[in-house]
Structure formats: structure tokens, C-alpha cells
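This report concerns only the one structure given below.
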Amino acid sequence: MQLTRLTKLAVTVFCAVSIQSGIANSASNTPLATAVPEGTVLTIGDPVTQKALELSGLDKELSFEVRWANISGGPQTSEAFRARALDVGSVAEIPSIFANWNNLPVRNIAYKERRDPIANPIYRFGVAPGVEVKGLADFRGKRIAFSPGQAQGTLVLRALQSVGLTKDDVTLVELPSTADVYPKALASKQVDIAPIGGVNIRRYISQYGSDGATLVEHGLRDDPGHLYAPQWVLDDPAKAAALAEFVGLWAKANDWVNRNPERWLKEYYVGKEGLSEEDGKYLIELTGEQVVSGDWRDVKERHQATINLLADQLGYKPFDVEAIFDNRFEKLGVSALAQGQ
């Protein structure tokens with residue numbers, strides 16, 4: 001594999017040698033407290049849920065103080081965890097895996113997925129103008145944008161695996177998957193293929209379709225969403241109790257968004273994010289319905305497969321998926337939804 005080192009920071013953070021001591025300790029058997037002790041404070045990095053709680057009025061049900069942090073995505077969240085500046089964050093499937101590989105013991109405490117993940121993928125593969133790619137098998141020999149330690153990077157490896165290819169059959173070009181970096185890299189033919197998500201999917205074709213830019217569907221699940229927290233936060237009985245309450249409200253907030261697409265469009269996508277109404281409608285349609293899982297068996301099975309793939313392709317030491325789930329929280333989201341009906 002040829003790996004173009006365009007971001008040394010990403011290599012340092014995400015491609016460090018596996019440190020087994022960083023894997024979270026065995027799951028706690030300490031029952032969660034049924035009430036949050038007075039004076040408990042949580043610092044939460046989940047801007048989407050923050051807005052949903054505010055719009056729905058569910059924020060009034062919080063029994064503890066919340067300090068909201070405008071932090072999202074794995075790299076920012078892990079950095080804040082290391083600085084002890086954050087208690088819980090919202091990310092996709094991959095950050096908790098890499099955090100444990102990089103001496104940051106964390107656990108997943110809540111999980112949501114899309115009702116129809118194949119019809120409503122988070123990402124599609126953008127293909128640069130003039131490059132002939134009709135399906136995943138055509139990735140062989142191509143330059144592919146790659147962000148190790150993030151969902152986009154793992155999707156690349158999973159897409160290759162699904163057609164019998166490995167990283168050695170392509171050239172992975174290391175690029176940060178932020179903002180519109182990938183669409184611009186495609187348009188400038190810095191790479192041949194890149195996983196792009198959100199409004200960038202729509203905008204990429206709108207801007208460069210006339211030049212020959214295309215999209216390729218991957219047909220894989222790319223939809224997991226998690227809340228995760230550092231082990232030391234989960235070991236604090238007061239904070240763990242507050243997290244349990246938050247997981248329930250997080251589930252209710254997710255359900256509220258599902259049931260109020262028009263207000264979510266107006267107040268969040270247009271009002272807060274500054275998107276056009278057309279872009280907002282596109283994202284709502286792209287997302288579809290998101291559901292909270294109360295049974296993590298399939299979730300863990302998929303996570304274990306991801307851990308094994310990443311370990312094999314990137315040189316890490318595989319570990320048991322149980323290390324990154326706190327099973328005390330498994331049923332809390334669906335229980336809160338059932339109680340609210």
C-alpha cells in the first residue's frame with residue numbers, strides 16, 4: 001500500500017502502536033443509582049441532542065446540571081476526554097475502538113441506527129470526474145481518500161473487503177474528512193474516490209456532475225451512532241447515574257426528531273446550522289427514521305467484525321468487543337421510550 005502522508009497529526013493520533021493497557025477494564029457490576037445525587041454536573045458534547053432537548057422541552061426533565069460543549073466527532077471528543085474536559089460524547093462506530101487502542105479507555109453507553117440503513121446510508125462514494133468506476137470492484141488500483149480512526153476510513157476498508165480487496169490493492173491517500181475536503185480533493189483529482197456524506201453528497205453532484213463526477217452506492221451498513229464515556233466517568237457513581245438519566249432523554253429526543261421533521265428542518269437545519277431549506281429537506285430524507293436499540297447482540301457482533309478488520313488491515317491487536325460496552329445501559333433508552341408512551 002502506498003500511503004500519502006498529508007496529515008502527520010492523523011498518523012500520530014490514530015496509527016500509534018496498539019497499547020493494550022488502554023483497553024477499558026472489565027464491565028462494572030455496580031448497579032446504577034436510581035436517583036442522581038444533588039450537585040452532580042455532566043459536561044456533554046452532543047450539539048444535536050442539545051437542540052432536540054431544547055425544542056421538545058425535554059431539557060426541563062434534567063435533574064442535574066449540564067454544561068454543553070460544542071464538540072462533535074471522534075478526534076475532538078477524544079481530545080476533550082483526555083483533557084478531562086468532557087464526560088460524554090456522541091459519535092459513530094469507530095472512535096471508541098481507536099480510543100481504546102490509543103490508551104484512552106472508553107465505553108459505549110447508548111446506540112441508535114437507521115430503520116433502513118441500506119436505503120438511508122450516511123455515506124456514498126464520490127468518484128472524480130473522468131474516472132471510470134461503476135462498482136466497488138472497480139476500486140482496484142485507485143487512489144482513495146482515507147481517514148484512519150474515523151467512520152469514513154473504516155467504510156473504505158469494509159468496502160474493499162466486501163469485494164475481496166485489501167489496502168494493498170489500492171493507494172490510500174490520507175486526508176482529514178472534515179468540511180468539504182473530500183469533494184474538493186475529488187474535483188481537483190487529488191484522489192479518484194472518496195466517501196462523502198451529508199449535504200456534500202448533493203452538492204458534489206450539483207457542482208461537478210456536469211464535469212463527469214459520479215456517485216457509487218456501497219450497499220453496506222454505515223449507520224451506527226453512539227454515546228460513549230471514559231471509564232473514569234463511568235466509575236463515578238454520581239456521574240454514572242446522571243448518564244443513565246441522560247441516555248433516557250437522549251432516546252426521547254431522538255424520537256421527537258423523528259416525529260417532528262418540519263420543525264427540525266426549520267429550527268435546526270435552517271435556524272441553527274444555517275443550511276438552505278433544500279439542503280435541510282435533503283438531509284431529513286437521507287437520514288430516514290432513526291431507532292434506539294435495546295438489544296446490543298447484533299451491534300456487538302458487527303463491532304467485533306470491525307475490530308478484527310481494522311486490526312488485520314492497520315496492524316492493531318484485536319480485543320474482545322465487551323471491553324467497549326457498558327451493559328448496565330443497554331435497556332435504558334428503550335425503557336424510557338416505553339414509559340413515555
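Residues in the C-alpha cells are numbered from 1 in each chain, the chains being A, B, ... in the order shown, and ligands are numbered from 1 in the order shown.
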
Could you give me, as a Markdown table, a per-residue list for range 175-216 of chain A showing, wherever an atom lies at most 9 Å from an atom of range 128-151 of chain A, the closest pair of atoms and their distance in Å to one decimal, using only C-alpha atoms and sorting by chain then residue number from low to high?
```
| residue | atom | partner | partner_atom | distance |
| --- | --- | --- | --- | --- |
| A:Leu175 | CA | A:Ser147 | CA | 5.7 |
| A:Pro176 | CA | A:Ser147 | CA | 5.7 |
| A:Ser177 | CA | A:Ser147 | CA | 6.2 |
| A:Tyr182 | CA | A:Ala145 | CA | 7.1 |
| A:Pro183 | CA | A:Ala128 | CA | 8.6 |
| A:Ala185 | CA | A:Ala145 | CA | 8.2 |
| A:Leu186 | CA | A:Ala128 | CA | 4.7 |
| A:Ala187 | CA | A:Ala128 | CA | 5.9 |
| A:Ser188 | CA | A:Ala128 | CA | 8.1 |
| A:Lys189 | CA | A:Ala128 | CA | 6.1 |
| A:Gln190 | CA | A:Arg143 | CA | 8.2 |
| A:Val191 | CA | A:Arg143 | CA | 5.1 |
| A:Asp192 | CA | A:Ala128 | CA | 5.1 |
| A:Ile193 | CA | A:Ile144 | CA | 4.8 |
| A:Ala194 | CA | A:Ala145 | CA | 4.9 |
| A:Pro195 | CA | A:Ala145 | CA | 7.4 |
| A:Tyr208 | CA | A:Pro129 | CA | 7.5 |
| A:Gly209 | CA | A:Pro129 | CA | 7.8 |
| A:Ser210 | CA | A:Pro129 | CA | 8.8 |
| A:Asp211 | CA | A:Pro129 | CA | 5.8 |
| A:Gly212 | CA | A:Pro129 | CA | 4.3 |
| A:Ala213 | CA | A:Pro129 | CA | 4.2 |
| A:Thr214 | CA | A:Ala128 | CA | 7.0 |
| A:Leu215 | CA | A:Lys134 | CA | 8.7 |
| A:Val216 | CA | A:Gly135 | CA | 6.3 |
```

Using only C-alpha atoms, what does the table of range 234-257 of chain A residues within 12 Å of range 89-96 of chain A look like, with each row giving the shortest atom pair and its distance in Å to one decimal, sorted by chain and ascending number, as JSON lines?
```
{"residue": "A:Leu243", "atom": "CA", "partner": "A:Gly89", "partner_atom": "CA", "distance": 10.9}
{"residue": "A:Phe246", "atom": "CA", "partner": "A:Gly89", "partner_atom": "CA", "distance": 11.5}
{"residue": "A:Val247", "atom": "CA", "partner": "A:Ser90", "partner_atom": "CA", "distance": 11.1}
{"residue": "A:Trp250", "atom": "CA", "partner": "A:Ser90", "partner_atom": "CA", "distance": 10.3}
```

If you run DSSP on this backbone, which residues of range 101-260 of chain A come out as helix (DSSP H, G or I), and could you give them as a VMD selection string? chain A and resid 101 136 to 139 151 to 162 167 to 169 181 to 187 199 to 211 231 to 234 237 to 259

Test item: residues at most 10 Å from Ala119 in chain A, only C-alpha atoms, excluding those fewer than 4 positions along its chain, as an NGL selection string: :A and (114-115 or 217 or 219-221 or 286-288)

CA of Leu310 in chain A to CA of Leu165 in chain A, straight-line distance in Å: 14.0 Å

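Each of A:Asp235, A:Glu245, A:Asp326, A:Asp223 was checked against Ile118 in chain A using only C-alpha atoms; the smallest atom-to-atom distance is that of A:Asp223.
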
Please, which residues of range 11-180 of chain A, numbered as in this document, come out strand (DSSP E or B) from DSSP, as a ChimeraX atom specification? /A:41-45,65-68,88-91,106-114,123-127,143-146,171-174

Create the file for the chosen residues now, containing N, CA and C atoms and written as a short mmCIF file (atom, residue, chain, number, x, y, z; two decimals), in the first residue's frame.
```
data_model
loop_
_atom_site.label_atom_id
_atom_site.label_comp_id
_atom_site.auth_asym_id
_atom_site.auth_seq_id
_atom_site.Cartn_x
_atom_site.Cartn_y
_atom_site.Cartn_z
N VAL A 41 -22.79 17.23 38.09
CA VAL A 41 -22.67 18.00 36.85
C VAL A 41 -22.10 17.09 35.76
N LEU A 42 -22.70 17.16 34.58
CA LEU A 42 -22.15 16.46 33.41
C LEU A 42 -21.81 17.47 32.33
N THR A 43 -20.64 17.30 31.73
CA THR A 43 -20.28 18.08 30.55
C THR A 43 -20.50 17.19 29.33
N ILE A 44 -21.39 17.62 28.46
CA ILE A 44 -21.86 16.78 27.36
C ILE A 44 -21.52 17.40 26.00
N GLY A 45 -20.91 16.60 25.14
CA GLY A 45 -20.62 17.03 23.78
C GLY A 45 -21.56 16.37 22.80
N GLU A 65 -27.18 19.32 36.65
CA GLU A 65 -26.67 20.42 35.83
C GLU A 65 -25.91 19.88 34.62
N VAL A 66 -26.20 20.45 33.47
CA VAL A 66 -25.49 20.09 32.24
C VAL A 66 -24.70 21.29 31.75
N ARG A 67 -23.46 21.04 31.42
CA ARG A 67 -22.62 22.02 30.75
C ARG A 67 -22.41 21.50 29.32
N TRP A 68 -23.03 22.15 28.38
CA TRP A 68 -22.96 21.70 26.99
C TRP A 68 -21.66 22.18 26.34
N VAL A 88 -19.14 12.90 28.33
CA VAL A 88 -19.80 12.01 27.38
C VAL A 88 -19.90 12.70 26.03
N GLY A 89 -19.81 11.92 24.96
CA GLY A 89 -19.89 12.49 23.63
C GLY A 89 -20.70 11.59 22.71
N SER A 90 -21.07 12.13 21.55
CA SER A 90 -21.87 11.41 20.57
C SER A 90 -21.06 11.25 19.29
N VAL A 91 -20.89 10.00 18.87
CA VAL A 91 -20.05 9.71 17.70
C VAL A 91 -20.61 8.54 16.92
N VAL A 106 -12.59 3.91 27.05
CA VAL A 106 -13.95 4.45 26.97
C VAL A 106 -14.91 3.29 26.73
N ARG A 107 -16.21 3.58 26.97
CA ARG A 107 -17.24 2.58 26.72
C ARG A 107 -18.45 3.22 26.04
N ASN A 108 -19.11 2.45 25.19
CA ASN A 108 -20.37 2.87 24.59
C ASN A 108 -21.50 2.64 25.58
N ILE A 109 -22.40 3.63 25.69
CA ILE A 109 -23.49 3.51 26.65
C ILE A 109 -24.87 3.67 26.00
N ALA A 110 -24.94 3.96 24.72
CA ALA A 110 -26.22 4.07 24.03
C ALA A 110 -25.96 3.88 22.54
N TYR A 111 -26.98 3.36 21.85
CA TYR A 111 -26.81 3.03 20.45
C TYR A 111 -28.08 3.34 19.67
N LYS A 112 -27.91 3.92 18.50
CA LYS A 112 -29.05 4.12 17.60
C LYS A 112 -28.62 3.78 16.18
N GLU A 113 -29.62 3.46 15.35
CA GLU A 113 -29.34 3.09 13.98
C GLU A 113 -30.48 3.58 13.10
N ARG A 114 -30.30 3.50 11.81
CA ARG A 114 -31.34 3.91 10.87
C ARG A 114 -32.26 2.73 10.58
N TYR A 123 -23.09 7.62 4.07
CA TYR A 123 -22.08 7.98 3.06
C TYR A 123 -22.38 7.34 1.71
N ARG A 124 -21.91 8.00 0.67
CA ARG A 124 -21.81 7.43 -0.66
C ARG A 124 -20.40 7.70 -1.15
N PHE A 125 -19.92 6.89 -2.05
CA PHE A 125 -18.58 7.10 -2.59
C PHE A 125 -18.66 8.05 -3.77
N GLY A 126 -17.96 9.18 -3.65
CA GLY A 126 -17.83 10.09 -4.76
C GLY A 126 -16.71 9.64 -5.67
N VAL A 127 -16.92 9.79 -6.97
CA VAL A 127 -15.91 9.41 -7.96
C VAL A 127 -15.50 10.66 -8.73
N ARG A 143 -6.82 5.64 -6.30
CA ARG A 143 -6.41 6.45 -5.15
C ARG A 143 -7.67 6.81 -4.35
N ILE A 144 -7.69 6.39 -3.10
CA ILE A 144 -8.89 6.56 -2.28
C ILE A 144 -8.57 7.42 -1.06
N ALA A 145 -9.39 8.44 -0.83
CA ALA A 145 -9.23 9.28 0.36
C ALA A 145 -9.47 8.43 1.61
N PHE A 146 -8.59 8.58 2.59
CA PHE A 146 -8.62 7.70 3.76
C PHE A 146 -8.38 8.49 5.03
N THR A 171 -4.36 2.64 -3.45
CA THR A 171 -3.50 3.64 -2.82
C THR A 171 -4.36 4.47 -1.88
N LEU A 172 -4.11 4.37 -0.60
CA LEU A 172 -4.86 5.15 0.37
C LEU A 172 -4.18 6.50 0.58
N VAL A 173 -4.92 7.55 0.30
CA VAL A 173 -4.39 8.91 0.42
C VAL A 173 -4.96 9.52 1.70
N GLU A 174 -4.10 9.73 2.66
CA GLU A 174 -4.57 10.18 3.97
C GLU A 174 -4.97 11.65 3.93
#
```

Separation of CA of Ala85 in chain A and CA of Leu62 in chain A, in Å? 20.4 Å
